[in-house]
$ cat target-v4.tsv   # TSV, C-alpha atoms
chain	number	residue	atom	x	y	z
A	1	ALA	CA	76.16	-54.99	4.15
A	2	GLY	CA	77.54	-52.72	1.46
A	3	LEU	CA	75.01	-53.96	-1.06
A	4	VAL	CA	72.18	-53.41	1.39
A	5	GLY	CA	73.35	-49.88	2.05
A	6	ALA	CA	73.61	-49.17	-1.65
A	7	GLY	CA	70.10	-50.51	-2.26
A	8	ALA	CA	68.71	-48.30	0.47
A	9	ALA	CA	70.41	-45.32	-1.09
A	10	LEU	CA	68.84	-46.13	-4.46
A	11	LEU	CA	65.36	-46.36	-2.89
A	12	LEU	CA	65.71	-43.12	-0.95
A	13	PRO	CA	64.48	-40.75	-3.71
A	14	ALA	CA	61.38	-42.89	-4.27
A	15	THR	CA	60.36	-42.64	-0.62
A	16	VAL	CA	61.40	-39.08	0.05
A	17	GLY	CA	59.83	-37.63	-3.12
A	18	PRO	CA	56.15	-38.02	-2.12
A	19	ALA	CA	56.91	-36.77	1.37
A	20	VAL	CA	58.57	-33.66	-0.02
A	21	TYR	CA	55.59	-33.11	-2.35
A	22	VAL	CA	53.08	-33.40	0.52
A	23	ALA	CA	55.14	-31.12	2.76
A	24	GLY	CA	55.40	-28.56	-0.01
A	25	ALA	CA	51.68	-28.69	-0.72
A	26	LEU	CA	50.89	-28.09	2.93
A	27	ALA	CA	53.37	-25.23	3.17
A	28	ASP	CA	52.26	-23.47	-0.04
A	29	PRO	CA	48.99	-24.85	-1.49
A	30	ALA	CA	48.97	-22.33	-4.35
A	31	ARG	CA	52.14	-23.80	-5.91
A	32	PHE	CA	50.50	-27.20	-6.35
A	33	SER	CA	46.95	-26.15	-7.24
A	34	THR	CA	47.85	-25.96	-10.94
A	35	PHE	CA	48.36	-29.74	-10.98
A	36	LYS	CA	45.03	-30.61	-9.33
A	37	PRO	CA	41.98	-31.78	-11.32
A	38	THR	CA	39.01	-29.44	-11.34
A	39	TRP	CA	36.79	-31.83	-9.38
A	40	LEU	CA	39.31	-31.77	-6.51
A	41	LEU	CA	39.56	-27.98	-6.59
A	42	ALA	CA	35.76	-27.76	-6.46
A	43	ARG	CA	35.79	-29.80	-3.25
A	44	GLU	CA	38.54	-27.66	-1.77
A	45	LEU	CA	36.37	-24.57	-2.25
A	46	GLU	CA	34.54	-25.74	0.88
A	47	ALA	CA	37.66	-26.50	2.94
A	48	ASP	CA	36.89	-23.89	5.59
A	49	PHE	CA	39.07	-25.83	8.03
A	50	ALA	CA	42.10	-25.11	5.77
A	51	PRO	CA	41.83	-21.47	4.64
A	52	ALA	CA	45.07	-21.51	2.62
A	53	THR	CA	43.94	-24.55	0.61
A	54	ARG	CA	40.47	-23.06	0.11
A	55	ASP	CA	41.81	-19.70	-1.07
A	56	ALA	CA	44.26	-21.38	-3.44
A	57	ALA	CA	41.38	-23.38	-4.95
A	58	PHE	CA	39.36	-20.20	-5.55
A	59	ALA	CA	42.35	-18.55	-7.21
A	60	GLU	CA	43.15	-21.53	-9.45
A	61	ILE	CA	39.56	-21.98	-10.62
A	62	ASP	CA	39.43	-18.26	-11.37
A	63	ASP	CA	42.58	-18.60	-13.51
A	64	ARG	CA	41.10	-21.54	-15.40
A	65	LEU	CA	37.93	-19.56	-16.01
A	66	LEU	CA	39.92	-16.70	-17.52
A	67	ASP	CA	41.85	-19.14	-19.72
A	68	GLY	CA	38.66	-20.92	-20.85
A	69	GLU	CA	39.89	-24.27	-19.55
A	70	LEU	CA	36.71	-25.39	-17.75
A	71	SER	CA	34.26	-27.70	-19.48
A	72	PRO	CA	30.49	-27.01	-19.44
A	73	ALA	CA	30.07	-29.90	-17.00
A	74	ALA	CA	32.65	-28.37	-14.65
A	75	LEU	CA	30.98	-24.95	-14.83
A	76	ASP	CA	27.61	-26.50	-14.05
A	77	ALA	CA	29.01	-28.47	-11.09
A	78	ILE	CA	30.69	-25.42	-9.57
A	79	ALA	CA	27.51	-23.35	-9.94
A	80	GLU	CA	25.49	-26.09	-8.21
A	81	ARG	CA	28.01	-26.24	-5.38
A	82	ALA	CA	27.72	-22.47	-4.90
A	83	LEU	CA	23.91	-22.66	-4.88
A	84	ALA	CA	23.99	-25.41	-2.24
A	85	ARG	CA	26.34	-23.31	-0.15
A	86	GLN	CA	24.11	-20.26	-0.47
A	87	ALA	CA	21.08	-22.20	0.74
A	88	ASP	CA	22.89	-23.59	3.82
A	89	THR	CA	22.64	-20.86	6.47
A	90	ALA	CA	24.78	-22.91	8.85
A	91	ARG	CA	27.83	-22.16	6.68
A	92	ALA	CA	29.51	-18.86	5.90
A	93	TRP	CA	28.50	-17.04	2.72
A	94	SER	CA	31.44	-14.93	1.57
A	95	PRO	CA	32.23	-12.56	-1.32
A	96	ALA	CA	34.52	-15.24	-2.78
A	97	TRP	CA	31.52	-17.52	-3.35
A	98	VAL	CA	29.57	-14.65	-4.89
A	99	ARG	CA	32.34	-13.83	-7.37
A	100	MET	CA	32.81	-17.50	-8.22
A	101	PHE	CA	29.12	-18.05	-8.94
A	102	GLU	CA	28.74	-14.89	-11.00
A	103	ARG	CA	31.76	-15.78	-13.13
A	104	VAL	CA	30.93	-19.43	-13.81
A	105	THR	CA	27.34	-18.60	-14.76
A	106	THR	CA	28.44	-16.29	-17.56
A	107	SER	CA	28.88	-19.42	-19.70
A	108	ALA	CA	27.37	-22.30	-17.71
A	109	PRO	CA	24.89	-24.41	-19.72
A	110	ARG	CA	22.04	-23.74	-17.27
A	111	ALA	CA	23.02	-20.16	-16.43
A	112	ALA	CA	19.51	-18.64	-16.67
A	113	GLU	CA	17.95	-21.24	-14.40
A	114	GLN	CA	20.82	-21.10	-11.90
A	115	ARG	CA	20.79	-17.31	-11.73
A	116	ALA	CA	17.06	-17.39	-11.04
A	117	ARG	CA	17.60	-19.89	-8.22
A	118	PHE	CA	20.40	-17.71	-6.89
A	119	ALA	CA	18.09	-14.69	-6.79
A	120	ARG	CA	15.31	-16.66	-5.10
A	121	GLN	CA	17.73	-17.94	-2.46
A	122	GLN	CA	18.99	-14.49	-1.54
A	123	TRP	CA	16.62	-14.52	1.40
A	124	VAL	CA	16.60	-17.70	3.47
A	125	LEU	CA	13.48	-17.78	5.64
A	126	GLN	CA	13.29	-18.92	9.25
A	127	LEU	CA	10.05	-19.19	11.26
A	128	GLU	CA	9.96	-18.15	14.91
A	129	VAL	CA	7.07	-18.63	17.33
A	130	LEU	CA	6.73	-18.32	21.10
A	131	PRO	CA	7.01	-21.64	22.96
A	132	ARG	CA	3.62	-21.05	24.61
A	133	VAL	CA	0.46	-19.89	22.87
A	134	LEU	CA	-2.59	-18.63	24.74
A	135	HIS	CA	-5.67	-20.69	23.97
A	136	GLY	CA	-8.33	-18.63	22.22
A	137	GLY	CA	-6.09	-15.78	21.16
A	138	SER	CA	-4.22	-14.97	17.98
A	139	ILE	CA	-0.90	-16.64	17.18
A	140	ALA	CA	2.02	-14.29	16.63
A	141	LEU	CA	4.76	-15.44	14.25
A	142	ARG	CA	7.98	-13.87	13.05
A	143	ILE	CA	9.50	-14.66	9.65
A	144	ARG	CA	13.20	-13.91	9.80
A	145	GLN	CA	14.89	-13.28	6.46
A	146	VAL	CA	18.60	-14.19	6.47
A	147	PRO	CA	20.37	-12.34	3.63
A	148	ARG	CA	22.54	-14.45	1.29
A	149	TYR	CA	22.68	-12.03	-1.62
A	150	GLY	CA	25.20	-11.41	-4.35
A	151	SER	CA	27.62	-8.63	-5.21
A	152	ARG	CA	24.85	-6.07	-4.78
A	153	PRO	CA	22.03	-6.21	-2.23
A	154	TRP	CA	18.52	-6.90	-3.44
A	155	SER	CA	15.33	-5.62	-1.91
A	156	PRO	CA	13.43	-8.18	0.17
A	157	PRO	CA	10.83	-9.98	-1.93
A	158	ASP	CA	7.10	-9.45	-1.70
A	159	MET	CA	5.55	-12.12	0.50
A	160	ARG	CA	2.11	-13.67	0.82
A	161	VAL	CA	0.96	-16.20	3.41
A	162	THR	CA	-1.08	-18.95	1.79
A	163	LYS	CA	-1.43	-21.49	4.61
A	164	PHE	CA	-0.81	-21.80	8.35
A	165	ALA	CA	-0.84	-25.14	10.15
A	166	ILE	CA	-0.62	-25.92	13.85
A	167	GLY	CA	-1.03	-29.57	14.69
A	168	PRO	CA	-4.26	-30.86	13.13
A	169	VAL	CA	-5.51	-27.38	12.19
A	170	GLU	CA	-4.90	-25.91	8.74
A	171	HIS	CA	-5.85	-22.25	8.42
A	172	ARG	CA	-6.04	-20.39	5.12
A	173	PRO	CA	-6.38	-16.60	4.95
A	174	ALA	CA	-9.59	-15.15	3.59
A	175	GLY	CA	-9.21	-14.67	-0.14
A	176	GLY	CA	-6.57	-17.40	-0.40
A	177	SER	CA	-3.55	-15.35	0.66
A	178	GLU	CA	-2.51	-12.44	2.83
A	179	VAL	CA	0.20	-9.90	2.07
A	180	VAL	CA	2.94	-9.67	4.70
A	181	GLU	CA	4.22	-6.12	5.01
A	182	ARG	CA	7.94	-5.51	4.83
A	183	ASP	CA	9.83	-4.67	7.98
A	184	PRO	CA	11.12	-1.07	7.70
A	185	ARG	CA	14.60	-2.06	8.87
A	186	GLY	CA	15.84	-2.91	5.39
A	187	PHE	CA	18.03	-5.79	4.38
A	188	VAL	CA	18.45	-7.54	7.74
A	189	ALA	CA	14.74	-8.03	7.82
A	190	SER	CA	12.03	-9.81	9.72
A	191	ARG	CA	8.30	-9.74	9.25
A	192	ASP	CA	5.64	-10.21	11.89
A	193	VAL	CA	2.48	-12.16	11.13
A	194	VAL	CA	-0.60	-12.55	13.34
A	195	ILE	CA	-2.85	-15.55	12.64
A	196	PRO	CA	-6.40	-15.36	14.08
A	197	LEU	CA	-8.05	-18.74	14.63
A	198	SER	CA	-11.79	-19.35	14.88
A	199	ASP	CA	-13.52	-20.97	17.86
A	200	SER	CA	-13.97	-24.18	15.89
A	201	GLU	CA	-10.24	-24.27	15.12
A	202	TRP	CA	-9.32	-23.66	18.75
A	203	ALA	CA	-11.65	-26.51	19.75
A	204	ARG	CA	-9.22	-28.90	18.03
A	205	LEU	CA	-6.28	-27.56	20.05
A	206	PRO	CA	-6.86	-28.52	23.70
A	207	VAL	CA	-5.02	-26.77	26.50
A	208	GLY	CA	-1.76	-28.54	27.31
A	209	SER	CA	-1.33	-30.04	23.85
A	210	VAL	CA	1.96	-29.62	21.98
A	211	HIS	CA	2.07	-29.05	18.22
A	212	GLU	CA	4.39	-28.32	15.36
A	213	VAL	CA	3.83	-25.03	13.54
A	214	ARG	CA	4.17	-24.67	9.77
A	215	LEU	CA	3.71	-21.68	7.52
A	216	THR	CA	3.52	-21.67	3.73
A	217	VAL	CA	4.47	-18.45	1.96
A	218	ASP	CA	4.87	-17.37	-1.66
A	219	LEU	CA	7.77	-15.06	-2.48
A	220	PHE	CA	7.64	-12.71	-5.45
A	221	ASN	CA	11.18	-11.61	-6.28
A	222	GLN	CA	11.47	-8.58	-8.52
A	223	ALA	CA	15.00	-9.63	-9.51
A	224	VAL	CA	13.91	-12.71	-11.47
A	225	ALA	CA	11.79	-13.29	-14.54
A	226	PRO	CA	8.03	-13.79	-14.01
A	227	ALA	CA	8.39	-17.42	-15.07
A	228	TYR	CA	10.28	-18.10	-11.83
A	229	ASN	CA	7.71	-16.40	-9.57
A	230	PRO	CA	6.36	-17.14	-7.09
A	231	ALA	CA	8.73	-19.32	-5.08
A	232	THR	CA	6.77	-21.34	-2.52
A	233	HIS	CA	8.38	-22.01	0.87
A	234	THR	CA	7.00	-24.16	3.67
A	235	LEU	CA	8.60	-23.12	6.97
A	236	LEU	CA	8.74	-25.26	10.11
A	237	ALA	CA	9.25	-23.59	13.48
A	238	ALA	CA	12.38	-24.80	15.22
A	239	GLU	CA	10.49	-25.85	18.36
A	240	PRO	CA	6.92	-27.08	18.92
A	241	VAL	CA	4.49	-24.89	20.83
A	242	ARG	CA	2.34	-25.68	23.86
A	243	ILE	CA	-1.25	-24.45	24.10
A	244	CYS	CA	-1.78	-22.82	27.49
A	245	THR	CA	-4.38	-20.83	29.36
A	246	PRO	CA	-3.84	-17.37	30.86
A	247	VAL	CA	-1.95	-17.63	34.13
A	248	PRO	CA	-3.80	-16.64	37.32
A	249	LEU	CA	-3.48	-13.04	38.50
A	250	ARG	CA	-2.51	-12.60	42.14
A	251	THR	CA	-3.63	-9.45	43.95
A	252	ASP	CA	-2.85	-10.17	47.61
A	253	PRO	CA	-2.72	-6.75	49.34
A	254	ALA	CA	-0.04	-8.06	51.70
A	255	LEU	CA	2.34	-8.42	48.73
A	256	ARG	CA	1.65	-5.06	47.10
A	257	GLU	CA	4.48	-3.17	48.81
A	258	ALA	CA	6.97	-6.03	48.34
A	259	VAL	CA	6.30	-6.11	44.60
A	260	ALA	CA	6.61	-2.34	44.29
A	261	VAL	CA	10.02	-2.19	46.01
A	262	ALA	CA	11.35	-5.24	44.15
A	263	VAL	CA	11.32	-3.58	40.72
A	264	GLY	CA	13.38	-0.67	39.48
A	265	VAL	CA	14.42	0.94	36.22
A	266	ARG	CA	18.06	1.96	35.91
A	267	ARG	CA	17.39	4.74	33.44
A	268	ILE	CA	15.18	5.86	30.57
A	269	GLN	CA	17.59	6.33	27.67
A	270	VAL	CA	16.42	8.18	24.56
A	271	SER	CA	18.64	8.04	21.47
A	272	GLU	CA	18.49	8.67	17.75
A	273	ALA	CA	16.39	6.29	15.66
A	274	ARG	CA	18.44	3.66	13.88
A	275	ARG	CA	18.56	3.27	10.15
A	276	GLY	CA	15.23	1.90	8.97
A	277	ASP	CA	13.34	2.79	12.16
A	278	PRO	CA	10.11	4.75	11.78
A	279	PRO	CA	10.41	8.50	12.45
A	280	GLY	CA	11.01	9.37	16.08
A	281	PHE	CA	13.37	8.31	18.84
A	282	ARG	CA	14.47	4.95	20.20
A	283	VAL	CA	14.01	4.42	23.94
A	284	SER	CA	15.64	1.70	26.04
A	285	MET	CA	14.83	0.95	29.67
A	286	PRO	CA	16.89	-1.62	31.63
A	287	PHE	CA	14.78	-3.07	34.44
A	288	VAL	CA	16.07	-4.87	37.51
A	289	VAL	CA	14.07	-7.05	39.90
A	290	THR	CA	15.34	-8.21	43.30
A	291	ARG	CA	13.50	-11.35	44.40
A	292	ALA	CA	9.88	-10.43	43.73
A	293	PRO	CA	7.51	-12.42	45.98
A	294	VAL	CA	5.44	-13.45	42.95
A	295	GLY	CA	6.14	-13.77	39.24
A	296	VAL	CA	5.69	-10.59	37.23
A	297	ALA	CA	4.94	-10.00	33.53
A	298	TRP	CA	4.34	-6.43	32.47
A	299	ALA	CA	3.61	-4.30	29.45
A	300	VAL	CA	5.82	-1.22	29.87
A	301	SER	CA	4.82	2.31	28.92
A	302	LEU	CA	5.86	5.90	29.59
A	303	ARG	CA	3.19	8.31	30.79
A	304	ALA	CA	2.91	12.05	31.17
A	305	GLY	CA	-0.50	13.51	31.97
A	306	ASP	CA	-3.06	12.02	29.59
A	307	SER	CA	-0.43	10.87	27.07
A	308	GLU	CA	1.08	7.40	27.13
A	309	TRP	CA	3.63	5.63	24.91
A	310	PRO	CA	4.06	1.82	24.91
A	311	VAL	CA	7.69	0.70	25.13
A	312	GLY	CA	7.87	-3.09	25.42
A	313	ILE	CA	7.47	-5.98	27.85
A	314	VAL	CA	9.43	-7.49	30.74
A	315	HIS	CA	8.89	-10.66	32.77
A	316	PHE	CA	10.65	-12.13	35.82
A	317	ARG	CA	10.44	-15.34	37.82
A	318	PRO	CA	9.49	-15.16	41.52
A	319	GLY	CA	12.27	-15.09	44.08
A	320	VAL	CA	15.04	-14.76	41.49
A	321	PRO	CA	16.93	-11.50	40.85
A	322	GLY	CA	17.31	-10.52	37.22
A	323	THR	CA	17.55	-7.79	34.60
A	324	MET	CA	15.70	-7.28	31.32
A	325	LEU	CA	15.68	-4.55	28.69
A	326	ALA	CA	12.48	-3.00	27.35
A	327	GLU	CA	12.88	-1.16	24.04
A	328	GLY	CA	10.51	0.78	21.83
A	329	MET	CA	9.99	3.87	19.69
A	330	LEU	CA	8.82	7.33	20.71
A	331	PRO	CA	7.17	9.85	18.36
A	332	PRO	CA	9.15	12.71	16.80
A	333	ASP	CA	7.42	15.27	19.04
A	334	PHE	CA	8.53	13.57	22.28
A	335	THR	CA	10.35	16.21	24.39
A	336	LEU	CA	9.96	15.02	27.99
A	337	THR	CA	12.75	15.14	30.54
A	338	ARG	CA	10.71	13.33	33.21
A	339	ALA	CA	7.92	10.74	32.95
A	340	ASP	CA	6.12	8.02	34.87
A	341	VAL	CA	6.94	4.39	34.09
A	342	VAL	CA	3.74	2.32	34.09
A	343	LEU	CA	3.87	-1.48	34.39
A	344	ARG	CA	0.62	-3.30	33.62
A	345	PRO	CA	0.02	-7.08	33.93
A	346	SER	CA	0.36	-8.76	30.52
A	347	GLN	CA	-0.71	-12.30	29.67
A	348	SER	CA	1.19	-12.18	26.38
A	349	ALA	CA	4.36	-11.29	28.30
A	350	ALA	CA	3.68	-14.14	30.74
A	351	ALA	CA	3.37	-16.58	27.82
A	352	ARG	CA	7.01	-15.88	26.99
A	353	ASN	CA	8.19	-17.34	30.31
A	354	ALA	CA	7.35	-20.98	30.95
A	355	ASP	CA	8.33	-20.63	34.63
A	356	LEU	CA	5.45	-18.31	35.49
A	357	ALA	CA	2.56	-20.18	37.12
A	358	GLU	CA	0.99	-16.91	38.26
A	359	ILE	CA	1.75	-13.20	37.97
A	360	TRP	CA	1.09	-10.05	39.93
A	361	GLY	CA	-2.27	-8.70	38.83
A	362	GLU	CA	-2.09	-4.98	39.61
A	363	PRO	CA	-0.31	-2.12	37.83
A	364	VAL	CA	2.89	-0.72	39.29
A	365	VAL	CA	3.86	2.92	38.70
A	366	LEU	CA	7.42	4.20	39.02
A	367	ALA	CA	6.58	7.88	39.29
A	368	ASP	CA	8.46	10.91	37.98
A	369	ARG	CA	11.58	9.25	36.56
A	370	GLU	CA	14.31	11.15	34.76
A	371	VAL	CA	14.57	10.78	30.98
A	372	THR	CA	18.18	10.71	29.76
A	373	TRP	CA	18.92	11.99	26.26
A	374	ASP	CA	21.92	10.89	24.22
A	375	GLN	CA	24.12	13.99	23.99
A	376	ARG	CA	24.82	13.25	20.31
A	377	HIS	CA	21.38	14.68	19.51
A	378	THR	CA	21.63	17.83	17.44
A	379	VAL	CA	18.61	19.17	19.32
A	380	LEU	CA	17.73	18.58	22.95
A	381	PRO	CA	14.75	19.45	25.13
A	382	SER	CA	15.33	22.29	27.56
A	383	GLY	CA	16.91	21.00	30.76
A	384	ALA	CA	17.52	17.52	29.36
A	385	VAL	CA	19.99	15.23	31.12
A	386	THR	CA	22.46	13.75	28.64
A	387	SER	CA	24.71	10.71	28.66
A	388	THR	CA	27.82	9.71	26.73
A	389	LEU	CA	27.56	5.98	27.38
A	390	ILE	CA	24.61	3.65	27.00
A	391	GLY	CA	25.19	1.06	29.72
A	392	PRO	CA	24.86	0.43	33.44
A	393	HIS	CA	27.61	2.98	34.20
A	394	ALA	CA	26.38	5.79	31.94
A	395	THR	CA	27.78	9.22	32.78
A	396	MET	CA	24.89	11.65	33.05
A	397	ARG	CA	24.83	15.41	33.40
A	398	PRO	CA	22.39	18.26	32.64
A	399	ALA	CA	22.55	19.54	29.09
A	400	ALA	CA	24.95	22.47	28.85
A	401	ARG	CA	22.65	24.52	26.68
A	402	HIS	CA	19.42	24.44	24.73
A	403	ASN	CA	19.53	25.44	21.10
A	404	GLY	CA	16.01	26.76	21.02
A	405	ALA	CA	14.55	23.86	19.01
A	406	THR	CA	12.71	20.75	20.03
A	407	PRO	CA	13.15	17.24	18.62

$ encode --input "target-v4.tsv" --output "structure tokens"
Amino acid sequence: AGLVGAGAALLLPATVGPAVYVAGALADPARFSTFKPTWLLARELEADFAPATRDAAFAEIDDRLLDGELSPAALDAIAERALARQADTARAWSPAWVRMFERVTTSAPRAAEQRARFARQQWVLQLEVLPRVLHGGSIALRIRQVPRYGSRPWSPPDMRVTKFAIGPVEHRPAGGSEVVERDPRGFVASRDVVIPLSDSEWARLPVGSVHEVRLTVDLFNQAVAPAYNPATHTLLAAEPVRICTPVPLRTDPALREAVAVAVGVRRIQVSEARRGDPPGFRVSMPFVVTRAPVGVAWAVSLRAGDSEWPVGIVHFRPGVPGTMLAEGMLPPDFTLTRADVVLRPSQSAAARNADLAEIWGEPVVLADREVTWDQRHTVLPSGAVTSTLIGPHATMRPAARHNGATP
């Protein structure tokens, strides 16, 4: 028994040692990162589930870069890992990755090529399209640009559409390509594209058919050498679209009063334009519907006398209460404190709601509604009602004074 006990005591350091090492590594990853091979550290850069391990890997690779201990192959591999991470919009893109890439490509063997790819990938494109498209009309698309840029922001690239495909139809713009104008909102950008199809093209897209939508665009990035321009991207919409016909318009006089009393607007809120908005004011109008007897889909506008300003669209299912926000822009000379809210039937709004088999076919006017101005305005119309909170419980009161100017 004594010999057995002595043998166990001799084996104890051999069994406890690895356990102590593992426990120490888990408790303080930075202490053990100096012993890890570079290939393991490169993997740990993506250990988002273990932030301490990930951060220790970034720090250790940075130290090895400063000491010149990384081989050209290691530099190349780390740069490629960063490029793959940048292109994957499902994963976080952080300043740590930016710094790592910019440092390794100072001496990586393919630095010029990798930096060009990095610049081209600074805007990851996503294609959005409505789930229902009206047969015979134009097809509205939105190209969303997800920023994945480096230590300094870059301007969005110039963009040209070269091909649009929906199901069996391939449409090419006249002249071979069409310039897509930049969205004025800056770096978090999207661009709207309208594709007109001919009658012969629509003939190949029967009503009720479902199709994938693809768009091919060329990007011209001013941040890269001409040899790397353009970058061609083929975008696939996340969901297929269904070709539909305009929904029937219902104009039963017996329902007119029920539709009119079912809809209301909580307020007309005017506030300062946001950064990147065109000149003017931003207006938001929260609508509420209480069990309309028929589906409704409206284009919303404000009206005063002969002047009218479009605001947005709203749509609601029949018999179901709901709320929806209409937003838009008003011109710089807008000074009204009261206005009519005009709701006109809209087939394009109806196409956004697959539950609408029919919609109310007559305009609805919410007459003489108060316009609420955000009190943070430096200038206010005379007699304007102001609010301090944009929300369902906004506190509103008449403006205390008028400074003699108009917005």

$ atom_distance --input "target-v4.tsv" --atom1 "atom CA of A:Ser198" --atom2 "atom CA of A:Val247"
21.7 Å

$ residues_around --input "target-v4.tsv" --residues "stretch 112-117 of chain A" --least-positions-apart "3" --cutoff "10 Å" --atoms "only C-alpha atoms" --output "PyMOL selection string"
chain A and resi 76+79-80+82-83+87+101-102+105-109+120-122+221+223-225+227-229+231

$ atom_distance --input "target-v4.tsv" --atom1 "atom CA of A:Val169" --atom2 "atom CA of A:Ser209"
12.7 Å

$ atom_distance --input "target-v4.tsv" --atom1 "atom CA of A:Asp218" --atom2 "atom CA of A:Ile139"
19.7 Å

$ residues_near_point --input "target-v4.tsv" --point "(6.4, -21.8, 7.0)" --cutoff "9 Å" --atoms "only C-alpha atoms" --output "mmCIF file with C-alpha atoms, in the coordinates of the input"
data_model
loop_
_atom_site.group_PDB
_atom_site.id
_atom_site.type_symbol
_atom_site.label_atom_id
_atom_site.label_comp_id
_atom_site.auth_asym_id
_atom_site.auth_seq_id
_atom_site.Cartn_x
_atom_site.Cartn_y
_atom_site.Cartn_z
ATOM 1 C CA LEU A 125 13.480 -17.780 5.640
ATOM 2 C CA GLN A 126 13.290 -18.920 9.250
ATOM 3 C CA LEU A 127 10.050 -19.190 11.260
ATOM 4 C CA ILE A 143 9.500 -14.660 9.650
ATOM 5 C CA VAL A 161 0.960 -16.200 3.410
ATOM 6 C CA LYS A 163 -1.430 -21.490 4.610
ATOM 7 C CA PHE A 164 -0.810 -21.800 8.350
ATOM 8 C CA ALA A 165 -0.840 -25.140 10.150
ATOM 9 C CA VAL A 213 3.830 -25.030 13.540
ATOM 10 C CA ARG A 214 4.170 -24.670 9.770
ATOM 11 C CA LEU A 215 3.710 -21.680 7.520
ATOM 12 C CA THR A 216 3.520 -21.670 3.730
ATOM 13 C CA VAL A 217 4.470 -18.450 1.960
ATOM 14 C CA HIS A 233 8.380 -22.010 0.870
ATOM 15 C CA THR A 234 7.000 -24.160 3.670
ATOM 16 C CA LEU A 235 8.600 -23.120 6.970
ATOM 17 C CA LEU A 236 8.740 -25.260 10.110
ATOM 18 C CA ALA A 237 9.250 -23.590 13.480
#

$ residues_around --input "target-v4.tsv" --residues "A:Gly295" --least-positions-apart "4" --cutoff "9 Å" --atoms "all atoms listed in the file" --output "CSV table (one decimal) with C-alpha atoms, keeping the file's coordinate frame"
chain,number,residue,atom,x,y,z
A,315,HIS,CA,8.9,-10.7,32.8
A,316,PHE,CA,10.6,-12.1,35.8
A,317,ARG,CA,10.4,-15.3,37.8
A,318,PRO,CA,9.5,-15.2,41.5
A,319,GLY,CA,12.3,-15.1,44.1
A,350,ALA,CA,3.7,-14.1,30.7
A,355,ASP,CA,8.3,-20.6,34.6
A,356,LEU,CA,5.4,-18.3,35.5
A,357,ALA,CA,2.6,-20.2,37.1
A,358,GLU,CA,1.0,-16.9,38.3
A,359,ILE,CA,1.8,-13.2,38.0
A,360,TRP,CA,1.1,-10.0,39.9

$ residues_near_point --input "target-v4.tsv" --point "(9.7, 6.3, 24.7)" --cutoff "7 Å" --atoms "only C-alpha atoms" --output "PyMOL selection string"
chain A and resi 270+282-283+302+309+311+328-330

$ closest_residue --input "target-v4.tsv" --among "A:Glu170, A:Glu272, A:Glu178, A:Asp192" --to "A:Leu141" --atoms "all atoms listed in the file"
A:Asp192

$ residues_around --input "target-v4.tsv" --residues "A:Arg338" --least-positions-apart "5" --cutoff "7 Å" --atoms "all atoms listed in the file" --output "compact mmCIF listing (two decimals) with C-alpha atoms, keeping the file's coordinate frame"
# COMPACT_ATOMS: atom_id res chain seq x y z
CA ASP A 368 8.46 10.91 37.98
CA ARG A 369 11.58 9.25 36.56
CA GLU A 370 14.31 11.15 34.76
CA VAL A 371 14.57 10.78 30.98

$ residues_around --input "target-v4.tsv" --residues "A:Leu65" --least-positions-apart "5" --cutoff "9 Å" --atoms "all atoms listed in the file" --output "ChimeraX atom specification"
/A:60,70,75,103-104

$ residues_around --input "target-v4.tsv" --residues "A:Phe287" --least-positions-apart "6" --cutoff "9 Å" --atoms "all atoms listed in the file" --output "VMD selection string"
chain A and resid 263 to 267 314 322 to 326

$ closest_residue --input "target-v4.tsv" --among "A:Val129, A:Ala77, A:Ala92, A:Leu249" --to "A:Ala111" --atoms "all atoms listed in the file"
A:Ala77

$ closest_residue --input "target-v4.tsv" --among "A:Asn353, A:Ser284, A:Thr335, A:Thr290" --to "A:Cys244" --atoms "only C-alpha atoms"
A:Asn353

$ closest_residue --input "target-v4.tsv" --among "A:Pro332, A:Ala119, A:Pro168, A:Pro173" --to "A:Ala203" --atoms "only C-alpha atoms"
A:Pro168

$ build_atoms --input "target-v4.tsv" --residues "stretch 339-345 of chain A" --atoms "N, CA and C atoms" --output "PDB file, in the frame of the given file"
ATOM      1  N   ALA A 339       9.154  11.461  33.295  1.00  0.00           N
ATOM      2  CA  ALA A 339       7.920  10.740  32.950  1.00  0.00           C
ATOM      3  C   ALA A 339       7.692   9.642  33.974  1.00  0.00           C
ATOM      4  N   ASP A 340       6.447   9.193  34.055  1.00  0.00           N
ATOM      5  CA  ASP A 340       6.120   8.020  34.870  1.00  0.00           C
ATOM      6  C   ASP A 340       6.354   6.758  34.043  1.00  0.00           C
ATOM      7  N   VAL A 341       6.812   5.711  34.714  1.00  0.00           N
ATOM      8  CA  VAL A 341       6.940   4.390  34.090  1.00  0.00           C
ATOM      9  C   VAL A 341       5.784   3.540  34.613  1.00  0.00           C
ATOM     10  N   VAL A 342       4.928   3.087  33.711  1.00  0.00           N
ATOM     11  CA  VAL A 342       3.740   2.320  34.090  1.00  0.00           C
ATOM     12  C   VAL A 342       3.936   0.870  33.669  1.00  0.00           C
ATOM     13  N   LEU A 343       3.727  -0.036  34.624  1.00  0.00           N
ATOM     14  CA  LEU A 343       3.870  -1.480  34.390  1.00  0.00           C
ATOM     15  C   LEU A 343       2.509  -2.124  34.601  1.00  0.00           C
ATOM     16  N   ARG A 344       1.930  -2.677  33.529  1.00  0.00           N
ATOM     17  CA  ARG A 344       0.620  -3.300  33.620  1.00  0.00           C
ATOM     18  C   ARG A 344       0.736  -4.808  33.392  1.00  0.00           C
ATOM     19  N   PRO A 345      -0.039  -5.622  34.127  1.00  0.00           N
ATOM     20  CA  PRO A 345       0.020  -7.080  33.930  1.00  0.00           C
ATOM     21  C   PRO A 345      -0.277  -7.437  32.474  1.00  0.00           C
TER      22      PRO A 345
END
